[in-house]
Structures are given as C-alpha cells and as structure tokens.
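The structure under discussion appears below in the form of structure tokens.
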Protein chains: 2
Amino acid sequence: MIDFEQLFARDLPTPAARLRGWPRYNFTGGHNDPEIVPVEELIASTERVLRRDGRSLAAYNQGGDPLGYAGLRAFLADKLASKRGIETAADDILITSGSLQGLDLVNEVLLEPGDTVIMEQLTYAGAIERARRRGASVVGVPLDQGGMRIDLLAAALERLRASGVRPKYIYTIPTVQNPTGTVLDLERRRQLLALSDAHGVPIFEDECYADLLWEGMWPTAIRGLEGGAQVIHIGSFSKTLAPALRLGYVSAPWTVMSRLLACKTDGGTAALEQMVVADYFGAHFDDHVGRLKAALRQKLEALTGALEEQFGAAAEFMPPRGGIFLWVTLPDQVDTAALAGPALEAGVAFNPGLAWAVDPAAARHSLRLCFGHPPVAEIRAGIAKLAEVCHRETGVPERSANVARNQALQSG
Amino acid sequence: MIDFEQLFARDLPTPAARLRGWPRYNFTGGHNDPEIVPVEELIASTERVLRRDGRSLAAYNQGGDPLGYAGLRAFLADKLASKRGIETAADDILITSGSLQGLDLVNEVLLEPGDTVIMEQLTYAGAIERARRRGASVVGVPLDQGGMRIDLLAAALERLRASGVRPKYIYTIPTVQNPTGTVLDLERRRQLLALSDAHGVPIFEDECYADLLWEGMWPTAIRGLEGGAQVIHIGSFSKTLAPALRLGYVSAPWTVMSRLLACKTDGGTAALEQMVVADYFGAHFDDHVGRLKAALRQKLEALTGALEEQFGAAAEFMPPRGGIFLWVTLPDQVDTAALAGPALEAGVAFNPGLAWAVDPAAARHSLRLCFGHPPVAEIRAGIAKLAEVCHRETGVPERSANVARNQALQSG
C-alpha cells in the first residue's frame, strides 16, 4: 500500500484539478490570433526543412550544438541586430522551450532561498511566482506611464544596500510592459544601466512582446545599448507566431550562458518546431508581424470601445503601445479576485490584478484583459457580459451603453 | 560592473564548454538510426494535422488539456493497453518533453535533500545524477542476467527499514535495461510489486526502450500487472522515432499526476511535434518499429562481430535483448574513464562505465557502446580504431583480428 501523501516533498504547489473547458469568453493568457497562424506557409516550410534536414532528427540536438538549431539562431542574430540593436553571434544565443524556460534557467543559476530580486511593481505573474518558489524576496518598483520609475529604483537599491542586501537581478519588461503596456524610453534605459553597473546588480530584460509594438520605431533593447553587454535578455516566438510552438531564446554574456547551458538538461528544444520557424520567419517575419499587429490593433480598439460603452468612466485604462493585453482598473468597491468566480460562471475569464502585482493589495481593483485570441464580436459580447456580472455583484458600472443598469435589468 | 561569479547560486554544475564537433565514430548517447526517419510520411502527417488543427496552435496547449494533445494521449492509451498491458484512460496520461521531463517532475514532487532512492546498481546515468542533484542518496541493487536481483532488493529494503529510512522510490528500467539490456521476467516483476507494497515504497518504472525488444513477446509492464495501479510509469518517443522530437509520457495514479501537472509550469509540450507523431504513429507504429528493430539488430550484430574480431576474449558482453546499446567489460588493467580522452582524440566516443553505476568503482572497466546512429561500416571501423587506441594505452587487446597487435603496428 503506497501512501503518496506521506511521500511528497513539502511546499509543492496545489495539485492540479481536472481540466475545465475553454471559457466562452476567454480574456486570460498569452494566446494569439488563430486567424494569423500561417497554415499553408508552415506546411511548405515543414516540407522544405524535413526534406533537407529530416534525418538529423535521429540525433539529440540534431547532432549539433545544444544551444539550438543553427538556422534559428542565425535568424535571431539578424533579428536582434536589426530590430533590437543587439549585436551578437549566433553562438551566443540559446534556444529555449518558450521564454519561460529562459526565466527558469536564469533563476536556477542565480537564485537561492533568502535572495532578493527587484521587479516592476506590476509585472508578469509567472516571474513573481517563480522567484518566490525559489525562496527569493521580490521588491517592487512602481511604474508610471513611462514604465519603471528609475528614481524609485535608485531609492530601492540604496535602501537595500544600506541593509546589506545585494539583489540578484533587476527584472524588467521594458518594451510593452506586462501588464501595463508601457514602453521605457531611451533615457530611462540608460539610467537603468548606470544603476545596474553602480550597484553590481544585473539587468534581466524580458522582451516577450517587443515585436508587437504598434509604432515602427522600436527603442533599442537595454542589452543593445552601450554598456549593455552584461544584460541577460530573453524573448519569445509565442507572441509573434504561436504559443503552442514552444520556442523562446536567451541572449547573454558567455559567463552566464555557459551556466544556463549546463543547467539545461532537457535533451534539447523541440527540433522540428525550431526548423519550421527558422524557415518561415527567415522569409516572412516582417509581413507576418505586420499582419498580426494590424489584427491585434483592431481587437484592442474593439476592446477599448466595448469597455467605454459598457463601463463608461468606471473602467480606467491606458491603451497599450503594443501587445495583447489591456490593464484595467475599476472603482474601489470592485475586488477583481472576488469577481472572477461569478464572471467565469457566466462564461467570462480574465486575470484578476493581484497575481500581476508584487504587492497584491496594489492591484485588487485591477484586471488584465487579453485580446489576442477572441474575435472582435466575442470581445464585444464578452465585455457586455462582464459588465452585467460586475454590476450584479458590485453595483459597478451604474450605467452601460447609456442605459442605467437597473432599468436595463428591469426591462430585460 | 557585474561580477557574475559572485552572484551565481552555489553548487551549480560545471559551466558548459563551447561545442566540440560530432565525433568521427560516435558510440555515445541515445541517438537513433537516421535512415529510419520517415521523412515523406512526416511531411504528409504535418500537412494533414496543420490543415485540420493548425489554428489551434494560437493558444497555449492548443486551448486544450495541459496533459497534452488529446490525439497523442489517445494513441498512447491504445499502445499502453495493447503493448504493455496498462489499461488507462487518455486523461490519465501526461505528455512530457522527452521522458527526461517525466524524470524531473517525479523527482520534483517526491525528493528533498536527505532522501533516499533505490536503483539498479548499473542504471541510466541521468537518473543517478538527477537524484543526487536534488540531494538524495542513491542505493544500488545488483543485477544479474535477469535484471534487478529481487532478493538483494529485499535485503536492501530491510536494511533501510532497520535504520529508519523509507526510500522515496525504487527506480527500475525493467524492459531492456540501461545499460545492461536485460529484461526482468514476470515473476521478478510480481516480487518487486509485492516488496513495493509491503514497504510502502513506490515503483518508478522507466520504459524508454521497451518498444525495442527484439522478441515479439513483451512482458507486461509492472504498472500493467495486478496491483500495479500505484506504479509511476514513464516512456519516450525518442527511441522509437527520433530524440530531437522532444516527446515522452507519464502514466501514473491521479494522486501523483495532479502533483506532476501542478509542477509542469513550462507552458505545454511542443504541440506541432505532438500532432505529427500522433498522426504518423496512429497509422504506422508497428511497421515503423519493425523496420527500426531490424536495422538495429543488424547494427548490433556488426558491433558484436567487430568486438569479437578486434578484442577477442578481452571484451566481455551479453548481447542485449533489444535497444540501442551494448555494455562491455574489459580486463582489469583498462580504466575506461582514462581511455575516453585518447579515444576521443582518435575520433572514437563512448560512455565510460562509471557514470552508469551507482558505485562508480563497480564499472571502472566497463563502457557503454550505443549503436543506433552510426552505419554498419562506421561501427566496424570505429571498433577497430578503439582497439588500436586501447592497445596503445593499456596493452589490451593483445591480439586483433587474429593478428598480434605489436606485430601489426610494426608492419603498419
């Protein structure tokens, strides 16, 4: 008789539940636009790469470098140079299973229980959670419309230094910040680098969403700036192509890379997906991303329009400068974590703000709405449904689509 | 200025070195036969699955169950029932990035520093290393020609119980054991289950190689036997199809599965690879594996023939009952770890025995030769080269191909 409960390690996450179906209106998660998946082009790419290199699949890492498929690293070296200002050899790029694996590897080589890391006060839930799972304390730095407040970062670093704490990294999403959609300007990027250098604390730059900036002008990645060679930089193909293809990358100094690679004991990253994406994006990156951004902007407009129509002044938000999500703050009487259950029962899923905040209290009234996956009509219907549930549960919004909510319900 | 060396976590593995090229004669690693990769069929499968389900790639886990692509889990439920005697619902199977990820997840949910695990005395290097990296002590149980010695396992369990230690699992590769190629018979499997039950210690069954057993008759997996429902079972597609496609699986009781799934925070397993393999193996598993086994047997015969020719009685081995590797023991004066460097310089790579042994001293004179990847002619030439280097370094073998080595060198 085996009693597994007695055998499990301590402090495991809550056991997973059996799958609940896909919500009717799904505003959670970094999903992408299904209409943009280039089915025929991916078939053509697969045919090409398999016919050319298919037999190489018989060996781990295709008999090549554990850093990943050389063709995909060559594409990335070009893309990082031309789009992000990062000059790097393909042999200093590591392909990972999504940028999540990059995050895990960086944490593995740097973090021990009791360590401290710095992040934007509002940031990617997975980054906060993973650092904490490794026993690190997370210090949050407030943001404004221009991204991380560098003056407050400087103060936090001073405070930590005064108490003898040297943080292991400053994690930042400078370009289309998650969840706020802000972009850190060049001046702040340079100030951030100077602080990193002065305090000997590395910058960990997550550029998952950088390719989805609406405007054509991208600010150079922090790793691409003068003095940026020590920055650890990660990115992803989930947001530009498809998240079910598990592909991301790390660009970092070899001192760090040689450690990441030693900890990457997974037998390699999915090779067929690497080959296919290298072939497709090698020829189609710009036109693909252009089409995707046009579709996403249209969805964002539908979302902000629906919010204005359904929530009026009750929903505060700043339209993001790119990406796939909108950060929305509701009045004080709305606890978004409490709203999530009733909303899901009505078919509407969203990310309650608290998971996206270093200090959960700072985001109790906020929520993250991802708009990449649902079609425009679903976005409109989903937000109308959300307004209905929110009104029922909290009294907010008082009016929707210029109709007082109570009246609408009475007549309905 | 960032001094990363000061910031790294303690006890990291040795930093990775820059890539060394593929050895001329490569007898290491679980590589497969390149000639067997079904290039045209994989292209056809890709075309079919992308045209049918390509748009689903836009969502994490294709919008479905984080357990993995439903089509692949359905295929596995059939395969596990018909080939391994395991009756399981597809919803109790987890698809992983290679069986390595299964190994990591099982270790993550069960192991803490100071724990003890039991393994076969000679076993998969990665299993030993990963348990030790988590701070566990590994107790080795000797094998004979029939696999793990169950009488000695019983003694080890008693000894541990007497000192108050309850091991976290008994890890076994019962079918085509790595590295010995042995197969545990049904009687021993039943005895193993009884011991697991009596001591409350779960069995962790690794069946990476089970599909590559030469004979048509497979002994039922331990998880498939009466009383086996508590066994944690992992398997792989690396050995039946291609290791650069990163696909493996876990079949386990839901108590364990719900924990594994909660720890699988990788955003899902590569979906295109899952879809393609489900489609291809759904139609071609038996004929593919049949072709593969025929090719592998031919390579094994070339390898054993070359060893007999080049090493004569100096090389002791038992031809395995399946798989892709041969375990060879050389005379006492040969330290295979010391031989590896000179052999590699001459272009021959092999796995020195010590990494495949819980007690490295037990395998100092042994080596593992993987024969799946090199063509027959390379196998012959590589073993001749190895004999040449081995003779030069150690005096073994004294004679090769019926020619005294010294004489051959003088005349050459």
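Residues are named by chain letter and number: chains run A, B, ... in the order of the structure tokens, numbers start at 1 in each chain, and ligands are numbered from 1 in the order shown.
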
Go through region 207-288 of chain B and collect every residue that DSSP, computed from the backbone, puts in strand (DSSP E or B); the answer should be as a list in words.
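The strand (DSSP E or B) residues within region 207-288 of chain B come out as Leu213, Ile232, His233, Ile234, Gly235, Ser236, Gly248, Tyr249, Val250 and Ser251 of chain B.
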
Once you count only C-alpha atoms, what closest atom pair and distance in Å to one decimal does each residue of region 197-241 of chain A within 12 Å of region 287-293 of chain A have, with rows by chain and rising residue number, as CSV?
residue,atom,partner,partner_atom,distance
A:Tyr209,CA,A:Lys293,CA,11.2
A:Ala210,CA,A:Val289,CA,11.2
A:Asp211,CA,A:Val289,CA,7.5
A:Leu212,CA,A:Lys293,CA,6.2
A:Leu213,CA,A:Lys293,CA,7.9
A:Trp214,CA,A:Lys293,CA,6.7
A:Glu215,CA,A:Lys293,CA,9.8
A:Gly216,CA,A:Gly290,CA,9.9
A:Phe237,CA,A:Val289,CA,10.9
A:Lys239,CA,A:Leu292,CA,9.6
A:Thr240,CA,A:Val289,CA,6.3
A:Leu241,CA,A:Val289,CA,8.2

Output N, CA, C and O atoms for every residue in that selection, as a tab-separated table (two decimals), in the first residue's frame.
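Output file out.tsv follows:
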chain	number	residue	atom	x	y	z
A	209	TYR	N	7.28	40.77	-25.72
A	209	TYR	CA	6.26	41.46	-26.51
A	209	TYR	C	6.82	42.53	-27.42
A	209	TYR	O	6.08	43.21	-28.11
A	210	ALA	N	8.15	42.72	-27.40
A	210	ALA	CA	8.76	43.86	-28.07
A	210	ALA	C	8.43	43.91	-29.57
A	210	ALA	O	8.28	44.99	-30.13
A	211	ASP	N	8.27	42.74	-30.19
A	211	ASP	CA	7.99	42.75	-31.64
A	211	ASP	C	6.58	43.24	-31.95
A	211	ASP	O	6.25	43.47	-33.11
A	212	LEU	N	5.75	43.37	-30.92
A	212	LEU	CA	4.35	43.75	-31.15
A	212	LEU	C	4.08	45.21	-30.81
A	212	LEU	O	2.95	45.59	-30.49
A	213	LEU	N	5.09	46.04	-30.89
A	213	LEU	CA	4.91	47.48	-30.65
A	213	LEU	C	4.24	48.09	-31.88
A	213	LEU	O	4.69	47.88	-33.00
A	214	TRP	N	3.16	48.84	-31.67
A	214	TRP	CA	2.42	49.40	-32.82
A	214	TRP	C	3.30	50.27	-33.71
A	214	TRP	O	3.32	50.12	-34.92
A	215	GLU	N	4.02	51.22	-33.10
A	215	GLU	CA	4.80	52.13	-33.93
A	215	GLU	C	5.99	51.41	-34.55
A	215	GLU	O	6.53	50.47	-33.98
A	216	GLY	N	6.41	51.91	-35.69
A	216	GLY	CA	7.54	51.29	-36.37
A	216	GLY	C	8.86	51.48	-35.65
A	216	GLY	O	9.81	50.74	-35.86
A	237	PHE	N	8.89	33.37	-29.32
A	237	PHE	CA	8.12	33.30	-30.56
A	237	PHE	C	6.63	33.08	-30.28
A	237	PHE	O	5.83	33.00	-31.21
A	239	LYS	N	4.51	35.06	-28.94
A	239	LYS	CA	3.66	36.23	-29.18
A	239	LYS	C	3.66	36.63	-30.65
A	239	LYS	O	2.71	37.21	-31.13
A	240	THR	N	4.74	36.33	-31.38
A	240	THR	CA	4.77	36.69	-32.79
A	240	THR	C	4.19	35.58	-33.67
A	240	THR	O	3.73	35.85	-34.77
A	241	LEU	N	4.21	34.33	-33.19
A	241	LEU	CA	3.71	33.27	-34.05
A	241	LEU	C	2.63	32.45	-33.35
A	241	LEU	O	1.46	32.58	-33.68

Neighbour list for region 242-259 of chain B as a PyMOL selection string, cut-off 8 Å, only C-alpha atoms, skip fewer than 6 positions in-chain:
(chain A and resi 4+12-17+57-62+267-272) or (chain B and resi 30-32+37+88+92-102+109+229-236+269-270+273-274)

Option closest in space to chain B, from A:Leu193, A:Leu76, A:Leu261, A:Leu186 [counting only C-alpha atoms]:
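Result for the nearest residue to chain B: A:Leu261.
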
Can you tell me which residues surround Gly114 (chain B) at a distance of at most 9 Å, considering only C-alpha atoms, apart from same-chain residues fewer than 5 positions away, and format the answer as a VMD selection string?
chain B and resid 134 to 137

Can you write out the residues you just picked, keeping all heavy atoms, as a PDB file, in the first residue's frame?
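Writing the result to again.pdb gives the following:
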ATOM      1  N   ARG B 134      19.400  16.618  -6.486  1.00  0.00           N
ATOM      2  CA  ARG B 134      18.375  17.027  -5.519  1.00  0.00           C
ATOM      3  C   ARG B 134      18.746  16.642  -4.092  1.00  0.00           C
ATOM      4  O   ARG B 134      17.919  16.730  -3.189  1.00  0.00           O
ATOM      5  CB  ARG B 134      17.023  16.424  -5.892  1.00  0.00           C
ATOM      6  CG  ARG B 134      16.466  17.042  -7.138  1.00  0.00           C
ATOM      7  CD  ARG B 134      15.010  16.711  -7.369  1.00  0.00           C
ATOM      8  NE  ARG B 134      14.546  17.494  -8.495  1.00  0.00           N
ATOM      9  CZ  ARG B 134      13.918  18.670  -8.393  1.00  0.00           C
ATOM     10  NH1 ARG B 134      13.640  19.174  -7.204  1.00  0.00           N
ATOM     11  NH2 ARG B 134      13.556  19.327  -9.467  1.00  0.00           N
ATOM     12  N   GLY B 135      19.950  16.174  -3.910  1.00  0.00           N
ATOM     13  CA  GLY B 135      20.406  15.883  -2.546  1.00  0.00           C
ATOM     14  C   GLY B 135      19.993  14.532  -2.030  1.00  0.00           C
ATOM     15  O   GLY B 135      20.077  14.272  -0.830  1.00  0.00           O
ATOM     16  N   ALA B 136      19.540  13.635  -2.911  1.00  0.00           N
ATOM     17  CA  ALA B 136      19.133  12.299  -2.461  1.00  0.00           C
ATOM     18  C   ALA B 136      20.322  11.341  -2.487  1.00  0.00           C
ATOM     19  O   ALA B 136      21.230  11.482  -3.301  1.00  0.00           O
ATOM     20  CB  ALA B 136      18.016  11.760  -3.347  1.00  0.00           C
ATOM     21  N   SER B 137      20.305  10.367  -1.564  1.00  0.00           N
ATOM     22  CA  SER B 137      21.282   9.277  -1.607  1.00  0.00           C
ATOM     23  C   SER B 137      20.726   8.170  -2.474  1.00  0.00           C
ATOM     24  O   SER B 137      19.545   7.839  -2.366  1.00  0.00           O
ATOM     25  CB  SER B 137      21.486   8.679  -0.209  1.00  0.00           C
ATOM     26  OG  SER B 137      21.919   9.656   0.669  1.00  0.00           O
TER      27      SER B 137
END

Pick out the residues sitting within 12 Å of Val49 (chain B), and hand them over as number ranges by chain; count only C-alpha atoms, and ignore anything fewer than 2 positions along from it in its own chain.
A: 39-40, 42-43, 46; B: 42-47, 51-57, 69, 71-72, 271-280

Written file, previous selection with C-alpha atoms, as a compact mmCIF listing (two decimals), in the first residue's frame:
# COMPACT_ATOMS: atom_id res chain seq x y z
CA VAL A 39 -1.14 27.18 -42.03
CA GLU A 40 -0.15 26.77 -45.68
CA LEU A 42 4.03 26.32 -42.22
CA ILE A 43 3.21 23.24 -44.30
CA THR A 46 7.93 21.82 -42.95
CA LEU B 42 6.22 13.03 -41.53
CA ILE B 43 5.67 15.64 -44.26
CA ALA B 44 2.33 14.04 -45.10
CA SER B 45 1.34 13.91 -41.43
CA THR B 46 2.29 17.53 -40.91
CA GLU B 47 0.23 18.61 -43.87
CA ARG B 51 -4.62 21.75 -42.27
CA ARG B 52 -7.03 20.23 -39.77
CA ASP B 53 -5.86 21.81 -36.49
CA GLY B 54 -3.16 24.36 -37.34
CA ARG B 55 -5.07 27.32 -35.98
CA SER B 56 -5.23 25.67 -32.57
CA LEU B 57 -1.51 26.46 -32.21
CA TYR B 69 -2.55 16.85 -27.27
CA GLY B 71 -4.81 12.72 -30.16
CA LEU B 72 -1.41 11.67 -28.88
CA ALA B 271 2.34 20.93 -29.97
CA LEU B 272 3.37 20.53 -33.60
CA GLU B 273 5.57 17.58 -32.67
CA GLN B 274 2.75 16.03 -30.65
CA MET B 275 0.29 16.36 -33.54
CA VAL B 276 2.69 15.00 -36.14
CA VAL B 277 3.73 12.00 -34.06
CA ALA B 278 0.11 11.20 -33.17
CA ASP B 279 -0.82 11.19 -36.84
CA TYR B 280 2.19 9.21 -38.03

If we count only C-alpha atoms and set the cut-off at 10 Å, which residues sit around His373 (chain A), ignoring sequence neighbours fewer than 4 positions away in its own chain? Please answer as a PyMOL selection string.
(chain A and resi 25-35+296+299+324+378-379) or (chain B and resi 58-59)

Can you tell me, as a PyMOL selection string, which residues in region 69-141 of chain A count as helix (DSSP H, G or I) by DSSP?
chain A and resi 70-84+90-92+98-110+125-133

Could the residues in this selection be written to a file with N, CA and C atoms, as a CSV table (one decimal), in the first residue's frame?
chain,number,residue,atom,x,y,z
A,70,ALA,N,21.0,25.7,-35.6
A,70,ALA,CA,21.8,26.8,-36.0
A,70,ALA,C,21.0,27.8,-36.9
A,71,GLY,N,20.1,27.3,-37.7
A,71,GLY,CA,19.4,28.1,-38.6
A,71,GLY,C,18.5,29.1,-37.9
A,72,LEU,N,17.9,28.7,-36.8
A,72,LEU,CA,17.1,29.6,-36.0
A,72,LEU,C,17.9,30.6,-35.2
A,73,ARG,N,19.1,30.2,-34.8
A,73,ARG,CA,20.0,31.1,-34.1
A,73,ARG,C,20.5,32.1,-35.0
A,74,ALA,N,20.8,31.7,-36.3
A,74,ALA,CA,21.2,32.7,-37.3
A,74,ALA,C,20.1,33.7,-37.6
A,75,PHE,N,18.9,33.2,-37.7
A,75,PHE,CA,17.8,34.2,-37.9
A,75,PHE,C,17.7,35.2,-36.7
A,76,LEU,N,17.8,34.6,-35.5
A,76,LEU,CA,17.7,35.5,-34.3
A,76,LEU,C,18.9,36.5,-34.3
A,77,ALA,N,20.1,36.1,-34.6
A,77,ALA,CA,21.2,37.0,-34.6
A,77,ALA,C,20.9,38.2,-35.5
A,78,ASP,N,20.3,37.9,-36.7
A,78,ASP,CA,19.9,39.0,-37.6
A,78,ASP,C,18.8,39.9,-37.0
A,79,LYS,N,17.8,39.2,-36.5
A,79,LYS,CA,16.6,39.9,-36.0
A,79,LYS,C,17.0,40.8,-34.8
A,80,LEU,N,17.8,40.2,-33.9
A,80,LEU,CA,18.2,41.0,-32.7
A,80,LEU,C,19.0,42.2,-33.1
A,81,ALA,N,19.9,42.1,-34.1
A,81,ALA,CA,20.7,43.2,-34.6
A,81,ALA,C,19.8,44.3,-35.3
A,82,SER,N,18.9,43.8,-36.2
A,82,SER,CA,18.2,44.8,-37.0
A,82,SER,C,17.0,45.4,-36.2
A,83,LYS,N,16.3,44.6,-35.3
A,83,LYS,CA,15.1,45.1,-34.6
A,83,LYS,C,15.4,45.6,-33.2
A,84,ARG,N,16.4,45.1,-32.6
A,84,ARG,CA,16.6,45.4,-31.2
A,84,ARG,C,18.0,46.0,-30.9
A,90,ALA,N,25.5,34.2,-33.4
A,90,ALA,CA,24.5,33.2,-33.3
A,90,ALA,C,24.9,32.2,-32.2
A,91,ASP,N,26.2,32.0,-32.0
A,91,ASP,CA,26.7,31.1,-31.0
A,91,ASP,C,26.7,31.6,-29.6
A,92,ASP,N,26.1,32.8,-29.4
A,92,ASP,CA,25.8,33.3,-28.1
A,92,ASP,C,24.3,33.4,-27.8
A,98,GLY,N,10.1,28.1,-25.1
A,98,GLY,CA,9.4,29.3,-24.6
A,98,GLY,C,10.3,30.1,-23.8
A,99,SER,N,10.0,31.4,-23.6
A,99,SER,CA,10.9,32.2,-22.8
A,99,SER,C,10.7,31.8,-21.3
A,100,LEU,N,9.7,31.1,-21.0
A,100,LEU,CA,9.5,30.6,-19.6
A,100,LEU,C,10.7,29.7,-19.2
A,101,GLN,N,11.2,28.9,-20.1
A,101,GLN,CA,12.4,28.1,-19.8
A,101,GLN,C,13.6,29.0,-19.5
A,102,GLY,N,13.7,30.1,-20.3
A,102,GLY,CA,14.8,31.1,-20.1
A,102,GLY,C,14.7,31.7,-18.7
A,103,LEU,N,13.5,32.0,-18.3
A,103,LEU,CA,13.2,32.5,-16.9
A,103,LEU,C,13.6,31.5,-15.9
A,104,ASP,N,13.2,30.3,-16.1
A,104,ASP,CA,13.6,29.2,-15.1
A,104,ASP,C,15.1,29.0,-15.0
A,105,LEU,N,15.8,29.0,-16.2
A,105,LEU,CA,17.2,28.8,-16.2
A,105,LEU,C,17.9,29.9,-15.5
A,106,VAL,N,17.5,31.2,-15.8
A,106,VAL,CA,18.2,32.3,-15.1
A,106,VAL,C,18.0,32.2,-13.6
A,107,ASN,N,16.8,31.9,-13.2
A,107,ASN,CA,16.5,31.8,-11.8
A,107,ASN,C,17.4,30.6,-11.2
A,108,GLU,N,17.5,29.5,-11.9
A,108,GLU,CA,18.2,28.4,-11.4
A,108,GLU,C,19.7,28.8,-11.2
A,109,VAL,N,20.3,29.5,-12.1
A,109,VAL,CA,21.7,29.8,-11.9
A,109,VAL,C,22.0,31.0,-10.9
A,110,LEU,N,21.0,31.8,-10.7
A,110,LEU,CA,21.2,33.0,-9.8
A,110,LEU,C,20.6,32.9,-8.4
A,125,ALA,N,3.0,37.7,-13.8
A,125,ALA,CA,2.7,36.9,-12.7
A,125,ALA,C,3.7,35.7,-12.5
A,126,GLY,N,4.0,35.1,-13.7
A,126,GLY,CA,4.9,34.0,-13.6
A,126,GLY,C,6.3,34.3,-13.1
A,127,ALA,N,6.7,35.6,-13.4
A,127,ALA,CA,8.1,36.0,-12.9
A,127,ALA,C,8.1,36.1,-11.4
A,128,ILE,N,7.0,36.7,-10.9
A,128,ILE,CA,6.9,36.9,-9.4
A,128,ILE,C,6.9,35.5,-8.7
A,129,GLU,N,6.0,34.7,-9.3
A,129,GLU,CA,5.7,33.4,-8.7
A,129,GLU,C,7.0,32.5,-8.7
A,130,ARG,N,7.7,32.5,-9.8
A,130,ARG,CA,8.8,31.6,-9.9
A,130,ARG,C,10.0,32.0,-9.0
A,131,ALA,N,10.2,33.4,-8.9
A,131,ALA,CA,11.2,33.8,-8.0
A,131,ALA,C,10.8,33.4,-6.5
A,132,ARG,N,9.6,33.6,-6.2
A,132,ARG,CA,9.2,33.3,-4.8
A,132,ARG,C,9.2,31.8,-4.6
A,133,ARG,N,8.9,30.9,-5.6
A,133,ARG,CA,9.0,29.5,-5.4
A,133,ARG,C,10.5,29.1,-5.1

Hey, what's within 10 Å of region 174-183 of chain B if we count only C-alpha atoms and toss same-chain stuff fewer than 4 positions away? As number ranges by chain, please?
B: 120, 122-125, 143-148, 188-189, 205-214, 218-222, 317-328, 353, 356-357, 367-370

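CA of Gly395 (chain A) sits 11.2 Å away from CA of Phe311 (chain A).
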
Can you tell me how far CA of Val201 (chain B) sits from CA of Ile170 (chain B), in Å to one decimal?
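Separating CA of Val201 (chain B) from CA of Ile170 (chain B) is a distance of 6.9 Å.
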
Which one is closest to chain B: A:Leu260, A:Ile86, A:Ala154, A:Leu354? Count only C-alpha atoms.
A:Leu260

Compare B:Val348, B:Thr329, B:Arg159, B:Gly228 by their minimum atom-to-atom distance to Pro374 (chain B), counting only C-alpha atoms, and give me the closest one.
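Distance minimum relative to Pro374 (chain B) lands on B:Val348.
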
May I ask for the distance between CA of Val389 (chain B) and CA of Glu309 (chain B), given in Å to one decimal place?
15.3 Å
